[in-house]
Amino acid sequence: MKTISVFDTSIMAYNIGNEIIMDSVMIQLDEIFKDDFIIRLPIEDIGRVARKYNALSSLTFVGGTNALNGNLRKYRQWDLNLHNILMMRHIVLMGCGWFQYEDAAPTKYTRWAFSKVLDKNTIHSVRDSYTLGKCEALKLEGYRFVNTGCPTLWKLTPDHIAGVPHTKSDSVVFTLTDYHRDVERDRSMIEQIKSNYQSVIFFPQGTGDVKYLSDLGVNNGIDIIQPRLSAFDNLLDNGSDYIGTRLHAGIRALQRQARSIIIGIDNRALEMHNDFRLPVLPAANIESLDEMINTDYSLDLSIPWNQINEWKSQFRN
């Protein structure tokens, strides 16, 4: 029996989206390492105990989060301080993404850091083509990266997607993103939602989302559910559509075979739409939401099954 560890991004997180990601990550790791011991570690504060378990583990996974960028001195998406870079080893990327669009080339320090902590004998999996290009630009000799998409996509088979309704429901659950505000865009989204659904429900995925909804001044006639993944799942399982700016809430809707329209506000949603044909409406086209709601819903996802299977199969040998 091997010991495997995984950085759990839902620990000390203000965003329930991390729970959605980690749920999919753990489903995959439980299947791959079904007879092995798996330990969850915090990613925001990697201390002595976490380093100890990293040292005891054959591999340590980082799954489906914006863990990567080209300047680790400026942006620290996880606790890769100098001490941890020097101490940790055998880390494997699992559908990780690049933090944001960056024009600058990766710094020498960043290249050195990733060459120290990432496992050289393992194929690493990234979230989209943009991230793949950035990882290849690191020019880490002997390392290989493949674009598998986020692990949240890895159960969206054609048979599963066939169960998603083609026509809109009478009810909808929607989200906002408090740290990526655009008052005009978000008011337009909510007004179009209200005009198309009898029941409109708000899911606060982040700690500041309820206040932002209140600040928008368009919350009349909107119910707010508990900030719990279970409450969100219950609505989806009972036939609600999903619309909103939270990417992983939109993917969760597809996982629960609910109709989903993701409003693309950042590189994550836009790049995953380009690569995998996720149902993303670019934020610049928000006025087209009404038409998209009332159009026959047909998904033709392009999930990279070959790359996913290649990445998973390396651990079966």
# chains A, B, ... in the order shown; residues from 1 in each chain; ligands from 1
call {"tool": "residues_around", "arguments": {"residues": "A:Met88", "least_positions_apart": "2", "cutoff": "6 Å", "atoms": "only C-alpha atoms", "output": "list in words"}}
result
Asn84, Ile85 and Val117 of chain A
call {"tool": "residues_around", "arguments": {"residues": "stretch 222-227 of chain A", "least_positions_apart": "2", "cutoff": "9 Å", "atoms": "only C-alpha atoms", "output": "JSON, numbers by chain"}}
result
{"A": [16, 194, 199, 200, 201, 202, 203, 204, 205, 206, 207, 210, 218, 219, 220, 229, 230, 231, 232]}
call {"tool": "closest_residue", "arguments": {"among": "A:His180, A:Asn306, A:His90, A:Arg228", "to": "A:Glu19", "atoms": "only C-alpha atoms"}}
result
A:Arg228
call {"tool": "closest_residue", "arguments": {"among": "A:Pro106, A:Pro165, A:Gly244, A:Gly70", "to": "A:Ile193", "atoms": "only C-alpha atoms"}}
result
A:Gly244
call {"tool": "select_by_dssp", "arguments": {"residues": "stretch 137-307 of chain A", "states": "strand (DSSP E or B)", "output": "list in words"}}
result
Phe145, Val146, Asn147, Ser171, Val172, Val173, Phe174, Thr175, Ser199, Val200, Ile201, Phe202, Gly206, Ile222, Asp223, Ile224, Asp241, Tyr242, Ile243, Gly244, Ser260, Ile261, Ile262, Ile263, Gly264, Val280, Leu281 and Pro282 of chain A
call {"tool": "write_last_selection", "arguments": {"atoms": "N, CA and C atoms", "output": "mmCIF file, in the first residue's frame"}}
result
data_model
loop_
_atom_site.group_PDB
_atom_site.id
_atom_site.type_symbol
_atom_site.label_atom_id
_atom_site.label_comp_id
_atom_site.auth_asym_id
_atom_site.auth_seq_id
_atom_site.Cartn_x
_atom_site.Cartn_y
_atom_site.Cartn_z
ATOM 1 N N PHE A 145 3.770 17.815 -20.327
ATOM 2 C CA PHE A 145 2.455 18.294 -19.917
ATOM 3 C C PHE A 145 1.428 17.928 -20.996
ATOM 4 N N VAL A 146 0.210 17.559 -20.569
ATOM 5 C CA VAL A 146 -0.878 17.279 -21.507
ATOM 6 C C VAL A 146 -2.122 18.054 -21.069
ATOM 7 N N ASN A 147 -2.934 18.410 -22.040
ATOM 8 C CA ASN A 147 -4.171 19.147 -21.773
ATOM 9 C C ASN A 147 -5.314 18.154 -21.604
ATOM 10 N N SER A 171 -37.705 27.187 -13.273
ATOM 11 C CA SER A 171 -36.893 27.739 -12.185
ATOM 12 C C SER A 171 -35.425 27.776 -12.579
ATOM 13 N N VAL A 172 -34.697 28.701 -11.971
ATOM 14 C CA VAL A 172 -33.281 28.863 -12.252
ATOM 15 C C VAL A 172 -32.541 29.233 -10.977
ATOM 16 N N VAL A 173 -31.326 28.741 -10.853
ATOM 17 C CA VAL A 173 -30.424 29.169 -9.794
ATOM 18 C C VAL A 173 -29.262 29.882 -10.465
ATOM 19 N N PHE A 174 -28.897 31.058 -9.936
ATOM 20 C CA PHE A 174 -27.850 31.854 -10.580
ATOM 21 C C PHE A 174 -26.777 32.246 -9.578
ATOM 22 N N THR A 175 -25.642 32.669 -10.107
ATOM 23 C CA THR A 175 -24.517 33.099 -9.275
ATOM 24 C C THR A 175 -23.974 34.444 -9.751
ATOM 25 N N SER A 199 -39.375 31.121 -11.020
ATOM 26 C CA SER A 199 -38.679 31.036 -9.739
ATOM 27 C C SER A 199 -37.199 31.340 -9.957
ATOM 28 N N VAL A 200 -36.695 32.357 -9.255
ATOM 29 C CA VAL A 200 -35.303 32.792 -9.402
ATOM 30 C C VAL A 200 -34.618 32.690 -8.041
ATOM 31 N N ILE A 201 -33.560 31.913 -7.986
ATOM 32 C CA ILE A 201 -32.893 31.591 -6.721
ATOM 33 C C ILE A 201 -31.407 31.906 -6.849
ATOM 34 N N PHE A 202 -30.851 32.494 -5.810
ATOM 35 C CA PHE A 202 -29.442 32.889 -5.816
ATOM 36 C C PHE A 202 -28.627 31.944 -4.959
ATOM 37 N N GLY A 206 -19.454 32.455 -2.972
ATOM 38 C CA GLY A 206 -18.353 33.080 -2.254
ATOM 39 C C GLY A 206 -18.846 33.943 -1.108
ATOM 40 N N ILE A 222 -36.141 37.522 -5.472
ATOM 41 C CA ILE A 222 -35.084 36.515 -5.549
ATOM 42 C C ILE A 222 -34.931 35.839 -4.196
ATOM 43 N N ASP A 223 -34.982 34.517 -4.182
ATOM 44 C CA ASP A 223 -34.722 33.744 -2.968
ATOM 45 C C ASP A 223 -33.231 33.421 -2.902
ATOM 46 N N ILE A 224 -32.708 33.343 -1.694
ATOM 47 C CA ILE A 224 -31.294 33.023 -1.482
ATOM 48 C C ILE A 224 -31.200 31.715 -0.711
ATOM 49 N N ASP A 241 -32.577 25.180 -13.815
ATOM 50 C CA ASP A 241 -31.476 25.534 -14.703
ATOM 51 C C ASP A 241 -30.414 26.271 -13.895
ATOM 52 N N TYR A 242 -29.239 26.419 -14.501
ATOM 53 C CA TYR A 242 -28.182 27.247 -13.911
ATOM 54 C C TYR A 242 -27.756 28.319 -14.902
ATOM 55 N N ILE A 243 -27.572 29.546 -14.385
ATOM 56 C CA ILE A 243 -26.971 30.641 -15.155
ATOM 57 C C ILE A 243 -26.086 31.428 -14.201
ATOM 58 N N GLY A 244 -24.894 31.812 -14.653
ATOM 59 C CA GLY A 244 -24.076 32.655 -13.779
ATOM 60 C C GLY A 244 -22.631 32.760 -14.177
ATOM 61 N N SER A 260 -27.218 24.434 -18.263
ATOM 62 C CA SER A 260 -26.229 25.353 -17.706
ATOM 63 C C SER A 260 -25.791 26.378 -18.739
ATOM 64 N N ILE A 261 -25.785 27.651 -18.324
ATOM 65 C CA ILE A 261 -25.212 28.725 -19.147
ATOM 66 C C ILE A 261 -24.215 29.476 -18.278
ATOM 67 N N ILE A 262 -22.957 29.379 -18.643
ATOM 68 C CA ILE A 262 -21.882 30.025 -17.896
ATOM 69 C C ILE A 262 -21.556 31.360 -18.563
ATOM 70 N N ILE A 263 -21.534 32.430 -17.783
ATOM 71 C CA ILE A 263 -21.141 33.742 -18.305
ATOM 72 C C ILE A 263 -19.620 33.852 -18.160
ATOM 73 N N GLY A 264 -18.928 33.928 -19.296
ATOM 74 C CA GLY A 264 -17.467 33.900 -19.286
ATOM 75 C C GLY A 264 -16.865 35.249 -18.939
ATOM 76 N N VAL A 280 -20.591 28.450 -22.721
ATOM 77 C CA VAL A 280 -20.146 29.732 -22.156
ATOM 78 C C VAL A 280 -20.598 30.869 -23.062
ATOM 79 N N LEU A 281 -21.242 31.863 -22.465
ATOM 80 C CA LEU A 281 -21.588 33.098 -23.154
ATOM 81 C C LEU A 281 -20.584 34.160 -22.720
ATOM 82 N N PRO A 282 -19.737 34.662 -23.630
ATOM 83 C CA PRO A 282 -18.777 35.701 -23.242
ATOM 84 C C PRO A 282 -19.491 36.894 -22.617
#
call {"tool": "select_by_dssp", "arguments": {"residues": "stretch 38-286 of chain A", "states": "alpha helix (DSSP H)", "output": "ChimeraX atom specification"}}
result
/A:48-56,82-87,108-117,129-137,158-161,183-196,209-216,229-237,247-255,267-276
call {"tool": "write_last_selection", "arguments": {"atoms": "C-alpha atoms", "output": "mmCIF file, in the first residue's frame"}}
result
data_model
loop_
_atom_site.group_PDB
_atom_site.id
_atom_site.type_symbol
_atom_site.label_atom_id
_atom_site.label_comp_id
_atom_site.auth_asym_id
_atom_site.auth_seq_id
_atom_site.Cartn_x
_atom_site.Cartn_y
_atom_site.Cartn_z
ATOM 1 C CA ARG A 48 5.934 21.383 8.900
ATOM 2 C CA VAL A 49 3.252 18.673 9.061
ATOM 3 C CA ALA A 50 2.242 19.097 5.424
ATOM 4 C CA ARG A 51 5.899 18.906 4.374
ATOM 5 C CA LYS A 52 6.274 15.722 6.440
ATOM 6 C CA TYR A 53 3.389 14.033 4.639
ATOM 7 C CA ASN A 54 4.721 15.202 1.299
ATOM 8 C CA ALA A 55 8.024 13.509 2.162
ATOM 9 C CA LEU A 56 6.206 10.297 3.178
ATOM 10 C CA LEU A 82 11.495 29.401 -0.744
ATOM 11 C CA HIS A 83 11.604 26.959 2.166
ATOM 12 C CA ASN A 84 8.801 24.825 0.704
ATOM 13 C CA ILE A 85 10.389 24.883 -2.747
ATOM 14 C CA LEU A 86 13.612 23.543 -1.266
ATOM 15 C CA MET A 87 11.857 20.895 0.864
ATOM 16 C CA LYS A 108 13.996 32.263 -14.114
ATOM 17 C CA TYR A 109 12.999 31.902 -10.457
ATOM 18 C CA THR A 110 9.632 30.429 -11.469
ATOM 19 C CA ARG A 111 11.269 27.962 -13.856
ATOM 20 C CA TRP A 112 13.669 26.898 -11.119
ATOM 21 C CA ALA A 113 10.876 26.538 -8.541
ATOM 22 C CA PHE A 114 8.719 24.295 -10.714
ATOM 23 C CA SER A 115 11.723 22.211 -11.734
ATOM 24 C CA LYS A 116 12.373 21.554 -8.025
ATOM 25 C CA VAL A 117 8.877 20.620 -6.839
ATOM 26 C CA SER A 129 -4.487 24.930 -24.201
ATOM 27 C CA TYR A 130 -3.427 28.328 -22.884
ATOM 28 C CA THR A 131 -2.028 26.726 -19.733
ATOM 29 C CA LEU A 132 -0.335 24.023 -21.813
ATOM 30 C CA GLY A 133 1.436 26.680 -23.873
ATOM 31 C CA LYS A 134 2.572 28.493 -20.744
ATOM 32 C CA CYS A 135 3.881 25.282 -19.180
ATOM 33 C CA GLU A 136 5.784 24.433 -22.334
ATOM 34 C CA ALA A 137 7.236 27.960 -22.255
ATOM 35 C CA PRO A 158 -21.770 11.640 -24.180
ATOM 36 C CA ASP A 159 -24.230 9.319 -22.423
ATOM 37 C CA HIS A 160 -24.252 11.572 -19.369
ATOM 38 C CA ILE A 161 -24.723 14.770 -21.368
ATOM 39 C CA VAL A 183 -22.602 46.330 -12.323
ATOM 40 C CA GLU A 184 -24.035 46.932 -15.794
ATOM 41 C CA ARG A 185 -23.322 43.385 -16.974
ATOM 42 C CA ASP A 186 -24.619 41.702 -13.834
ATOM 43 C CA ARG A 187 -27.799 43.785 -13.633
ATOM 44 C CA SER A 188 -28.503 42.926 -17.251
ATOM 45 C CA MET A 189 -27.963 39.231 -16.526
ATOM 46 C CA ILE A 190 -30.364 39.281 -13.573
ATOM 47 C CA GLU A 191 -33.070 41.236 -15.409
ATOM 48 C CA GLN A 192 -32.963 38.794 -18.321
ATOM 49 C CA ILE A 193 -33.125 35.875 -15.888
ATOM 50 C CA LYS A 194 -36.139 37.377 -14.113
ATOM 51 C CA SER A 195 -38.006 37.874 -17.368
ATOM 52 C CA ASN A 196 -37.614 34.211 -18.330
ATOM 53 C CA ASP A 209 -21.663 37.400 -3.094
ATOM 54 C CA VAL A 210 -24.778 38.181 -0.999
ATOM 55 C CA LYS A 211 -23.567 41.714 -0.300
ATOM 56 C CA TYR A 212 -22.827 42.226 -3.988
ATOM 57 C CA LEU A 213 -26.341 41.100 -4.897
ATOM 58 C CA SER A 214 -27.721 43.605 -2.411
ATOM 59 C CA ASP A 215 -25.476 46.368 -3.795
ATOM 60 C CA LEU A 216 -26.883 45.740 -7.284
ATOM 61 C CA LEU A 229 -22.929 22.714 -2.048
ATOM 62 C CA SER A 230 -25.660 20.336 -0.892
ATOM 63 C CA ALA A 231 -28.291 23.096 -1.191
ATOM 64 C CA PHE A 232 -27.105 23.919 -4.719
ATOM 65 C CA ASP A 233 -27.125 20.241 -5.708
ATOM 66 C CA ASN A 234 -30.673 19.856 -4.386
ATOM 67 C CA LEU A 235 -31.958 22.627 -6.672
ATOM 68 C CA LEU A 236 -30.186 21.170 -9.698
ATOM 69 C CA ASP A 237 -31.464 17.679 -8.944
ATOM 70 C CA LEU A 247 -17.507 28.574 -13.849
ATOM 71 C CA HIS A 248 -17.472 25.543 -11.601
ATOM 72 C CA ALA A 249 -21.059 26.053 -10.481
ATOM 73 C CA GLY A 250 -21.896 25.796 -14.187
ATOM 74 C CA ILE A 251 -19.880 22.613 -14.559
ATOM 75 C CA ARG A 252 -21.523 21.228 -11.420
ATOM 76 C CA ALA A 253 -24.874 21.799 -13.095
ATOM 77 C CA LEU A 254 -23.750 19.656 -16.044
ATOM 78 C CA GLN A 255 -22.537 17.003 -13.618
ATOM 79 C CA ASN A 267 -9.580 33.209 -18.943
ATOM 80 C CA ARG A 268 -10.750 30.006 -17.240
ATOM 81 C CA ALA A 269 -14.247 29.955 -18.724
ATOM 82 C CA LEU A 270 -13.231 31.385 -22.093
ATOM 83 C CA GLU A 271 -10.344 28.974 -22.610
ATOM 84 C CA MET A 272 -12.386 25.956 -21.516
ATOM 85 C CA HIS A 273 -15.120 27.038 -23.930
ATOM 86 C CA ASN A 274 -12.566 27.264 -26.746
ATOM 87 C CA ASP A 275 -11.072 23.860 -25.955
ATOM 88 C CA PHE A 276 -14.029 21.789 -24.797
#
call {"tool": "residues_around", "arguments": {"residues": "A:Met292", "least_positions_apart": "3", "cutoff": "10 Å", "atoms": "only C-alpha atoms", "output": "list of chain:residue names"}}
result
A:Lys168, A:Ile261, A:Pro279, A:Leu281, A:Ile286, A:Glu287, A:Ser288, A:Leu289, A:Thr295, A:Asp296, A:Tyr297
call {"tool": "atom_distance", "arguments": {"atom1": "atom CA of A:Glu291", "atom2": "atom CA of A:Tyr197"}}
result
13.5 Å
call {"tool": "closest_residue", "arguments": {"among": "A:Leu301, A:Val25, A:Ile308, A:Leu118", "to": "A:Leu68", "atoms": "only C-alpha atoms"}}
result
A:Leu118
call {"tool": "atom_distance", "arguments": {"atom1": "atom CA of A:Tyr179", "atom2": "atom CA of A:Ala283"}}
result
15.0 Å
